[in-house]
$ cat run_20.cif   # mmCIF, C-alpha atoms
data_data
loop_
_atom_site.label_atom_id
_atom_site.label_comp_id
_atom_site.auth_asym_id
_atom_site.auth_seq_id
_atom_site.Cartn_x
_atom_site.Cartn_y
_atom_site.Cartn_z
CA MET P 15 109.88 121.69 122.55
CA GLY P 16 109.35 117.96 122.10
CA GLY P 17 110.15 115.14 119.73
CA THR P 18 113.61 114.13 120.95
CA GLY P 19 112.35 110.82 122.36
CA LYS P 20 112.52 111.49 126.09
CA THR P 21 110.03 108.85 127.20
CA PRO P 22 111.54 105.89 125.31
CA HIS P 23 114.90 106.89 126.77
CA ILE P 24 113.37 106.89 130.25
CA GLU P 25 112.17 103.36 129.44
CA TYR P 26 115.73 102.48 128.42
CA PHE P 27 117.07 103.64 131.79
CA ILE P 28 114.30 101.81 133.63
CA SER P 29 115.30 98.58 131.88
CA LYS P 30 118.95 99.29 132.64
CA TYR P 31 118.57 99.93 136.38
CA LYS P 32 115.33 98.39 137.66
CA GLU P 33 117.07 95.22 138.82
CA ILE P 34 119.76 97.20 140.65
CA PHE P 35 117.80 100.04 142.27
CA THR P 36 114.33 100.56 143.69
CA LEU P 37 113.07 102.89 141.00
CA ALA P 38 110.50 105.64 140.79
CA VAL P 39 109.64 107.75 137.74
CA ILE P 40 108.24 111.26 138.14
CA SER P 41 106.68 113.14 135.23
CA ARG P 42 104.77 116.38 134.93
CA GLY P 43 102.00 114.41 133.20
CA TYR P 44 101.70 116.72 130.21
CA GLY P 45 98.22 116.83 128.68
CA ARG P 46 96.34 115.48 131.70
CA HIS P 47 93.15 117.15 132.91
CA THR P 48 94.14 116.97 136.58
CA LYS P 49 96.45 118.99 138.80
CA GLY P 50 98.81 118.22 141.64
CA PHE P 51 100.47 114.99 142.70
CA LEU P 52 99.09 111.58 141.70
CA TYR P 53 100.40 108.02 141.64
CA VAL P 54 99.82 106.28 138.32
CA ASN P 55 98.26 102.85 138.05
CA ALA P 56 98.01 100.71 134.93
CA LEU P 57 94.22 101.09 134.75
CA ASP P 58 94.38 104.90 134.81
CA SER P 59 93.27 107.12 131.94
CA THR P 60 95.42 109.57 130.01
CA LYS P 61 93.04 112.35 131.04
CA ASN P 62 93.93 111.58 134.64
CA VAL P 63 97.71 111.09 134.41
CA GLY P 64 98.88 111.84 130.83
CA ASP P 65 99.81 109.49 128.00
CA GLU P 66 103.54 109.02 128.63
CA PRO P 67 103.33 108.21 132.38
CA LEU P 68 100.53 105.74 131.62
CA GLN P 69 102.59 104.11 128.87
CA ILE P 70 105.52 103.70 131.28
CA LYS P 71 103.32 102.23 134.01
CA LYS P 72 101.65 99.75 131.66
CA LYS P 73 105.05 98.59 130.43
CA PHE P 74 106.73 98.47 133.87
CA GLN P 75 103.97 97.70 136.35
CA ASP P 76 106.42 96.92 139.16
CA VAL P 77 107.97 100.41 138.91
CA LEU P 78 106.53 103.32 140.87
CA VAL P 79 105.28 106.10 138.53
CA ALA P 80 103.94 109.45 139.71
CA VAL P 81 102.94 112.77 138.16
CA GLY P 82 103.34 116.23 139.64
CA GLU P 83 104.06 119.69 138.25
CA LYS P 84 106.21 120.65 141.27
CA ARG P 85 109.03 118.14 141.07
CA VAL P 86 110.55 119.02 144.46
CA ASP P 87 107.23 118.37 146.20
CA ALA P 88 106.72 115.18 144.18
CA ILE P 89 110.17 113.87 145.13
CA LYS P 90 109.53 114.60 148.81
CA ARG P 91 106.16 112.83 148.62
CA VAL P 92 107.63 109.72 146.99
CA MET P 93 110.48 109.57 149.50
CA LYS P 94 108.05 109.93 152.38
CA ASP P 95 105.65 107.26 151.09
CA TYR P 96 108.33 104.89 149.75
CA PRO P 97 111.60 105.43 151.69
CA GLN P 98 113.08 102.34 150.00
CA VAL P 99 113.26 104.20 146.65
CA ASN P 100 116.91 104.92 145.88
CA MET P 101 116.74 106.09 142.27
CA ILE P 102 114.31 108.62 140.77
CA LEU P 103 114.09 109.24 137.03
CA LEU P 104 112.66 112.62 136.06
CA ASP P 105 111.03 112.68 132.63
CA ASP P 106 111.49 116.03 130.90
CA ALA P 107 113.15 118.04 133.67
CA PHE P 108 116.30 119.57 132.14
CA GLN P 109 114.96 123.10 132.71
CA HIS P 110 113.62 122.35 136.19
CA ARG P 111 116.29 124.21 138.20
CA TYR P 112 114.73 123.56 141.61
CA VAL P 113 116.10 120.02 141.49
CA LYS P 114 119.84 119.31 141.41
CA PRO P 115 120.13 115.93 139.64
CA GLY P 116 122.85 113.40 140.21
CA LEU P 117 122.99 112.85 136.44
CA ASN P 118 121.74 115.34 133.86
CA VAL P 119 121.14 113.80 130.41
CA LEU P 120 120.52 116.14 127.47
CA LEU P 121 118.76 114.72 124.41
CA THR P 122 119.02 116.34 120.98
CA GLU P 123 117.89 115.05 117.58
CA TYR P 124 120.48 114.03 114.98
CA TYR P 125 118.77 115.96 112.19
CA ASP P 126 117.99 118.99 114.36
CA PRO P 127 120.80 119.32 116.95
CA PHE P 128 120.52 122.07 119.52
CA TRP P 129 123.69 123.82 118.33
CA LYS P 130 121.95 124.59 115.01
CA ASP P 131 118.67 125.65 116.61
CA LEU P 132 117.26 128.83 118.13
CA VAL P 133 115.02 129.69 121.09
CA VAL P 134 111.27 129.81 120.44
CA PRO P 135 109.64 131.42 118.51
CA ALA P 136 112.58 131.58 116.08
CA GLY P 137 113.38 127.90 116.70
CA ARG P 138 112.37 125.01 118.96
CA LEU P 139 114.69 125.46 121.96
CA ARG P 140 113.20 126.14 125.39
CA GLU P 141 116.34 127.97 126.53
CA PHE P 142 119.53 129.38 125.06
CA ARG P 143 122.13 126.94 123.74
CA LEU P 144 124.50 127.60 126.64
CA GLY P 145 122.16 125.50 128.78
CA TRP P 146 123.99 122.45 127.42
CA LYS P 147 126.74 123.12 129.98
CA ARG P 148 124.53 121.61 132.69
CA ALA P 149 124.59 118.27 130.86
CA ASP P 150 126.69 115.41 132.21
CA VAL P 151 125.91 113.34 129.11
CA ILE P 152 124.58 114.23 125.65
CA LEU P 153 122.51 111.71 123.69
CA ILE P 154 122.05 112.36 119.98
CA THR P 155 118.75 110.68 119.23
CA LYS P 156 117.10 109.22 116.11
CA SER P 157 120.53 108.67 114.59
CA PRO P 158 121.01 106.90 111.23
CA GLU P 159 123.37 103.97 110.68
CA THR P 160 125.80 106.14 108.69
CA LYS P 161 126.71 109.30 110.56
CA ASP P 162 128.27 112.45 109.18
CA LEU P 163 127.19 114.91 111.85
CA VAL P 164 129.87 117.49 112.65
CA ILE P 165 130.14 117.87 116.42
CA PRO P 166 131.18 121.36 117.62
CA PRO P 167 134.66 121.37 119.23
CA TYR P 168 133.32 122.78 122.50
CA LEU P 169 131.30 119.57 123.07
CA ILE P 170 134.23 117.18 122.72
CA SER P 171 134.92 117.03 126.45
CA THR P 172 131.30 116.06 127.28
CA PRO P 173 130.45 112.32 127.04
CA LEU P 174 128.40 111.95 123.88
CA PHE P 175 126.48 108.94 122.55
CA TYR P 176 124.26 108.14 119.59
CA SER P 177 120.91 106.45 120.02
CA LYS P 178 118.43 105.16 117.46
CA ILE P 179 114.83 103.99 117.42
CA ASN P 180 114.14 100.29 116.95
CA TYR P 181 110.57 99.54 115.99
CA ASP P 182 109.08 96.32 117.34
CA ASN P 183 106.48 94.33 115.44
CA PRO P 184 103.02 95.94 115.49
CA VAL P 185 100.72 94.73 118.27
CA LEU P 186 97.38 93.77 116.71
CA VAL P 187 94.68 94.85 119.15
CA LYS P 188 91.70 93.56 117.20
CA GLY P 189 90.69 92.50 113.71
CA ILE P 190 92.96 91.39 110.87
CA PHE P 191 96.54 92.48 110.24
CA SER P 192 97.31 94.33 107.00
CA HIS P 193 100.22 96.18 105.41
CA LYS P 194 97.67 98.56 103.91
CA ILE P 195 97.30 101.13 106.67
CA LEU P 196 95.43 104.17 107.86
CA LEU P 197 98.08 105.87 110.02
CA VAL P 198 97.13 107.94 113.08
CA THR P 199 99.86 109.93 114.87
CA GLY P 200 99.83 112.55 117.60
CA ILE P 201 103.60 112.84 118.07
CA ALA P 202 106.01 115.73 117.54
CA ASN P 203 107.94 114.26 114.61
CA PRO P 204 106.46 111.32 112.68
CA ALA P 205 109.16 111.40 109.94
CA PRO P 206 111.24 108.45 111.31
CA LEU P 207 108.06 106.39 111.66
CA LEU P 208 107.04 107.16 108.08
CA ASP P 209 110.50 106.13 106.85
CA HIS P 210 110.30 102.87 108.80
CA LEU P 211 106.88 102.00 107.42
CA ARG P 212 107.86 102.68 103.83
CA VAL P 213 111.05 100.64 104.09
CA ASN P 214 109.02 97.76 105.53
CA THR P 215 106.55 97.78 102.60
CA TYR P 216 103.59 99.31 104.40
CA GLU P 217 101.23 101.18 102.12
CA ILE P 218 100.06 104.35 103.86
CA ILE P 219 96.64 105.02 102.37
CA HIS P 220 95.95 108.02 104.57
CA HIS P 221 97.74 109.76 107.45
CA PHE P 222 95.83 111.54 110.20
CA TYR P 223 98.61 113.82 111.50
CA TYR P 224 97.79 115.48 114.84
CA PRO P 225 100.06 117.57 117.12
CA ASP P 226 102.00 116.03 119.99
CA HIS P 227 99.87 114.83 122.95
CA HIS P 228 96.71 115.58 120.96
CA ASN P 229 93.48 115.01 122.88
CA PHE P 230 91.33 113.15 120.38
CA SER P 231 87.85 114.63 120.15
CA SER P 232 84.70 112.74 119.24
CA SER P 233 84.94 114.45 115.85
CA ASP P 234 88.50 113.12 115.38
CA ILE P 235 87.38 109.60 116.28
CA GLN P 236 84.49 109.83 113.86
CA ASP P 237 86.81 111.01 111.08
CA ILE P 238 89.13 108.05 111.67
CA LEU P 239 86.23 105.57 111.74
CA SER P 240 84.62 107.06 108.66
CA LYS P 241 87.86 106.89 106.69
CA SER P 242 88.51 103.34 107.90
CA ASN P 243 85.06 102.24 106.75
CA GLN P 244 85.74 103.64 103.28
CA LEU P 245 88.92 101.58 102.86
CA GLU P 246 88.78 97.88 102.13
CA ASN P 247 91.26 95.49 103.80
CA CYS P 248 92.88 98.38 105.66
CA MET P 249 94.26 98.49 109.21
CA VAL P 250 94.40 101.49 111.51
CA LEU P 251 97.97 101.80 112.83
CA THR P 252 99.05 104.18 115.56
CA THR P 253 101.98 104.67 117.93
CA GLU P 254 102.14 103.11 121.37
CA LYS P 255 101.95 106.57 122.94
CA ASP P 256 98.85 107.50 120.89
CA TRP P 257 97.24 104.16 121.73
CA MET P 258 97.22 105.21 125.39
CA ARG P 259 94.77 107.97 124.37
CA LEU P 260 92.85 106.01 121.74
CA ASN P 261 92.23 102.64 123.37
CA LYS P 262 89.16 103.73 125.36
CA GLU P 263 87.67 105.22 122.20
CA PHE P 264 88.11 102.12 120.05
CA GLU P 265 87.81 99.25 122.52
CA LEU P 266 84.16 98.53 121.65
CA MET P 267 84.34 99.28 117.93
CA GLU P 268 84.69 96.80 115.08
CA LEU P 269 87.80 97.62 113.08
CA ASN P 270 91.31 96.37 112.34
CA ILE P 271 93.68 98.25 114.61
CA ALA P 272 97.27 97.90 115.85
CA TYR P 273 99.91 99.98 117.58
CA LEU P 274 103.67 100.08 117.08
CA PRO P 275 105.96 99.87 120.14
CA ILE P 276 109.49 101.25 120.01
CA LYS P 277 112.73 100.66 121.88
CA ILE P 278 115.92 102.67 122.13
CA GLU P 279 119.31 101.28 121.16
CA ILE P 280 122.42 103.20 122.20
CA GLU P 281 125.66 102.78 120.31
CA ASN P 282 128.52 101.59 122.54
CA PRO P 283 126.78 102.40 125.83
CA PRO P 284 128.81 102.63 129.04
CA GLU P 285 128.62 99.89 131.62
CA ASP P 286 127.24 102.37 134.15
CA TRP P 287 125.86 105.78 133.19
CA LEU P 288 126.18 106.93 136.79
CA ASN P 289 129.96 107.09 136.36
CA PHE P 290 129.35 110.34 134.46
CA SER P 291 127.61 112.03 137.38
CA LYS P 292 129.40 115.06 138.77
CA PRO P 293 130.27 115.37 142.47
#

$ encode --input "run_20.cif" --output "structure tokens"
Amino acid sequence: MGGTGKTPHIEYFISKYKEIFTLAVISRGYGRHTKGFLYVNALDSTKNVGDEPLQIKKKFQDVLVAVGEKRVDAIKRVMKDYPQVNMILLDDAFQHRYVKPGLNVLLTEYYDPFWKDLVVPAGRLREFRLGWKRADVILITKSPETKDLVIPPYLISTPLFYSKINYDNPVLVKGIFSHKILLVTGIANPAPLLDHLRVNTYEIIHHFYYPDHHNFSSSDIQDILSKSNQLENCMVLTTEKDWMRLNKEFELMELNIAYLPIKIEIENPPEDWLNFSKP
């Protein structure tokens, strides 16, 4: 139901293949206020196209990014408009059975693997565990350096890799940098971020913890500003994904604010992931 790190992994695959293929990325555009098919441009708003597609487009402006609930129609539209495209990455489409992918990558969190989970509402799975059989590759995400995860025997024959989050240095948008922070998150699982900040000597004075893809209201913005004004020598820190939704709200305001980009590192990655695709 979210939190496995799908979008940063899409960014990993973009970086891996954008020099080899003419890429397009298609997303549903979760959280947007629009419907139907749209191409994303770097000056778009999250209300128009969603936070994750906008983040991808801002980071890879030479890559075609589109949103559309009906993936089959979106693929046909992209191929009609841009026949030179020869690789399409679908963000969050494992359950979208109308499309038969050339490579199906299943992501599952190290500390909450799918084989220990249940279908909603008892757990956080969107479908029964047997759905893993459609996977050509399994990526165990948010993995620690030392691993003691017991992999079920029935998964041994499926190519399996560990990935971890690498946090880049914070990008200071305006004001003065500080390790004393007011943290704002609207992501599914902020625990790895909290661990990273504590290890790197950040002092979290207050944490505004919102649900994933949260649409920040004027009341939310006022709460953040009010709390920031109460704290001396403090910096508002948020995630790159949340900054896509917050930047329009804070661009004209006087405060110290930064966002934290992330990258994915995969342990012993293959030379070419496409070698795992099934005929």

$ residues_around --input "run_20.cif" --residues "segment 240-248 of chain P" --least-positions-apart "4" --cutoff "6 Å" --atoms "all atoms listed in the file" --output "list in words"
Lys194, Ile195 and Gln236 of chain P

$ residues_near_point --input "run_20.cif" --point "(116.7, 100.8, 142.3)" --cutoff "12 Å" --atoms "only C-alpha atoms" --output "list of chain:residue names"
P:Phe27, P:Ile28, P:Ser29, P:Lys30, P:Tyr31, P:Lys32, P:Glu33, P:Ile34, P:Phe35, P:Thr36, P:Leu37, P:Ala38, P:Val39, P:Asp76, P:Val77, P:Leu78, P:Tyr96, P:Pro97, P:Gln98, P:Val99, P:Asn100, P:Met101, P:Ile102, P:Leu103

$ resolve_selection --input "run_20.cif" --expression "the PyMOL selection byres ((chain P and resi 275) around 9)" --output "PyMOL selection string"
chain P and resi 180-185+253-255+273-274+276-277

$ closest_residue --input "run_20.cif" --among "P:Val250, P:Leu57, P:Ile70, P:Val133" --to "Ile24 of chain P" --atoms "only C-alpha atoms"
P:Ile70

$ closest_residue --input "run_20.cif" --among "P:Lys156, P:Arg140, P:Lys161, P:Lys73" --to "Thr122 of chain P" --atoms "only C-alpha atoms"
P:Lys156

$ resolve_selection --input "run_20.cif" --expression "the PyMOL selection byres ((chain P and resi 105) around 8)" --output "list in words"
Lys20, Thr21, Ile24, Val39, Ile40, Ser41, Arg42, Leu103, Leu104, Asp106 and Ala107 of chain P

$ resolve_selection --input "run_20.cif" --expression "the PyMOL selection byres ((chain P and resi 109) around 12)" --output "number ranges by chain"
P: 15, 85, 104-108, 110-115, 118-120, 139-142, 145-146, 148-149

$ build_atoms --input "run_20.cif" --residues "segment 77-102 of chain P" --atoms "N, CA and C atoms" --output "PDB file, keeping the file's coordinate frame"
ATOM      1  N   VAL P  77     107.231  99.166 138.649  1.00  0.00           N
ATOM      2  CA  VAL P  77     107.970 100.410 138.910  1.00  0.00           C
ATOM      3  C   VAL P  77     106.987 101.494 139.334  1.00  0.00           C
ATOM      4  N   LEU P  78     107.357 102.243 140.368  1.00  0.00           N
ATOM      5  CA  LEU P  78     106.530 103.320 140.870  1.00  0.00           C
ATOM      6  C   LEU P  78     106.562 104.497 139.875  1.00  0.00           C
ATOM      7  N   VAL P  79     105.388 104.961 139.455  1.00  0.00           N
ATOM      8  CA  VAL P  79     105.280 106.100 138.530  1.00  0.00           C
ATOM      9  C   VAL P  79     104.340 107.124 139.158  1.00  0.00           C
ATOM     10  N   ALA P  80     104.759 108.378 139.144  1.00  0.00           N
ATOM     11  CA  ALA P  80     103.940 109.450 139.710  1.00  0.00           C
ATOM     12  C   ALA P  80     103.977 110.659 138.796  1.00  0.00           C
ATOM     13  N   VAL P  81     102.965 111.513 138.911  1.00  0.00           N
ATOM     14  CA  VAL P  81     102.940 112.770 138.160  1.00  0.00           C
ATOM     15  C   VAL P  81     102.791 113.917 139.152  1.00  0.00           C
ATOM     16  N   GLY P  82     103.415 115.042 138.795  1.00  0.00           N
ATOM     17  CA  GLY P  82     103.340 116.230 139.640  1.00  0.00           C
ATOM     18  C   GLY P  82     104.067 117.378 138.985  1.00  0.00           C
ATOM     19  N   GLU P  83     103.424 118.543 138.887  1.00  0.00           N
ATOM     20  CA  GLU P  83     104.060 119.690 138.250  1.00  0.00           C
ATOM     21  C   GLU P  83     105.255 120.189 139.062  1.00  0.00           C
ATOM     22  N   LYS P  84     105.133 120.168 140.388  1.00  0.00           N
ATOM     23  CA  LYS P  84     106.210 120.650 141.270  1.00  0.00           C
ATOM     24  C   LYS P  84     107.089 119.457 141.637  1.00  0.00           C
ATOM     25  N   ARG P  85     108.211 119.347 140.935  1.00  0.00           N
ATOM     26  CA  ARG P  85     109.030 118.140 141.070  1.00  0.00           C
ATOM     27  C   ARG P  85     109.616 117.990 142.484  1.00  0.00           C
ATOM     28  N   VAL P  86     109.994 119.097 143.107  1.00  0.00           N
ATOM     29  CA  VAL P  86     110.550 119.020 144.460  1.00  0.00           C
ATOM     30  C   VAL P  86     109.528 118.409 145.414  1.00  0.00           C
ATOM     31  N   ASP P  87     108.285 118.899 145.340  1.00  0.00           N
ATOM     32  CA  ASP P  87     107.230 118.370 146.200  1.00  0.00           C
ATOM     33  C   ASP P  87     106.952 116.905 145.884  1.00  0.00           C
ATOM     34  N   ALA P  88     106.985 116.563 144.585  1.00  0.00           N
ATOM     35  CA  ALA P  88     106.720 115.180 144.180  1.00  0.00           C
ATOM     36  C   ALA P  88     107.805 114.243 144.696  1.00  0.00           C
ATOM     37  N   ILE P  89     109.063 114.686 144.626  1.00  0.00           N
ATOM     38  CA  ILE P  89     110.170 113.870 145.130  1.00  0.00           C
ATOM     39  C   ILE P  89     110.022 113.645 146.636  1.00  0.00           C
ATOM     40  N   LYS P  90     109.696 114.719 147.355  1.00  0.00           N
ATOM     41  CA  LYS P  90     109.530 114.600 148.810  1.00  0.00           C
ATOM     42  C   LYS P  90     108.390 113.642 149.144  1.00  0.00           C
ATOM     43  N   ARG P  91     107.311 113.706 148.371  1.00  0.00           N
ATOM     44  CA  ARG P  91     106.160 112.830 148.620  1.00  0.00           C
ATOM     45  C   ARG P  91     106.532 111.368 148.390  1.00  0.00           C
ATOM     46  N   VAL P  92     107.218 111.102 147.291  1.00  0.00           N
ATOM     47  CA  VAL P  92     107.630 109.720 146.990  1.00  0.00           C
ATOM     48  C   VAL P  92     108.564 109.196 148.070  1.00  0.00           C
ATOM     49  N   MET P  93     109.521 110.015 148.485  1.00  0.00           N
ATOM     50  CA  MET P  93     110.480 109.570 149.500  1.00  0.00           C
ATOM     51  C   MET P  93     109.829 109.356 150.859  1.00  0.00           C
ATOM     52  N   LYS P  94     108.783 110.125 151.125  1.00  0.00           N
ATOM     53  CA  LYS P  94     108.050 109.930 152.380  1.00  0.00           C
ATOM     54  C   LYS P  94     107.226 108.641 152.334  1.00  0.00           C
ATOM     55  N   ASP P  95     106.536 108.427 151.212  1.00  0.00           N
ATOM     56  CA  ASP P  95     105.650 107.260 151.090  1.00  0.00           C
ATOM     57  C   ASP P  95     106.417 105.967 150.837  1.00  0.00           C
ATOM     58  N   TYR P  96     107.549 106.074 150.137  1.00  0.00           N
ATOM     59  CA  TYR P  96     108.330 104.890 149.750  1.00  0.00           C
ATOM     60  C   TYR P  96     109.810 105.136 150.044  1.00  0.00           C
ATOM     61  N   PRO P  97     110.212 105.119 151.321  1.00  0.00           N
ATOM     62  CA  PRO P  97     111.600 105.430 151.690  1.00  0.00           C
ATOM     63  C   PRO P  97     112.611 104.457 151.095  1.00  0.00           C
ATOM     64  N   GLN P  98     112.159 103.303 150.604  1.00  0.00           N
ATOM     65  CA  GLN P  98     113.080 102.340 150.000  1.00  0.00           C
ATOM     66  C   GLN P  98     113.530 102.760 148.602  1.00  0.00           C
ATOM     67  N   VAL P  99     112.857 103.728 147.989  1.00  0.00           N
ATOM     68  CA  VAL P  99     113.260 104.200 146.650  1.00  0.00           C
ATOM     69  C   VAL P  99     114.637 104.830 146.727  1.00  0.00           C
ATOM     70  N   ASN P 100     115.548 104.364 145.874  1.00  0.00           N
ATOM     71  CA  ASN P 100     116.910 104.920 145.880  1.00  0.00           C
ATOM     72  C   ASN P 100     117.372 105.386 144.499  1.00  0.00           C
ATOM     73  N   MET P 101     116.458 105.426 143.532  1.00  0.00           N
ATOM     74  CA  MET P 101     116.740 106.090 142.270  1.00  0.00           C
ATOM     75  C   MET P 101     115.431 106.669 141.726  1.00  0.00           C
ATOM     76  N   ILE P 102     115.475 107.961 141.370  1.00  0.00           N
ATOM     77  CA  ILE P 102     114.310 108.620 140.770  1.00  0.00           C
ATOM     78  C   ILE P 102     114.694 109.129 139.399  1.00  0.00           C
TER      79      ILE P 102
END
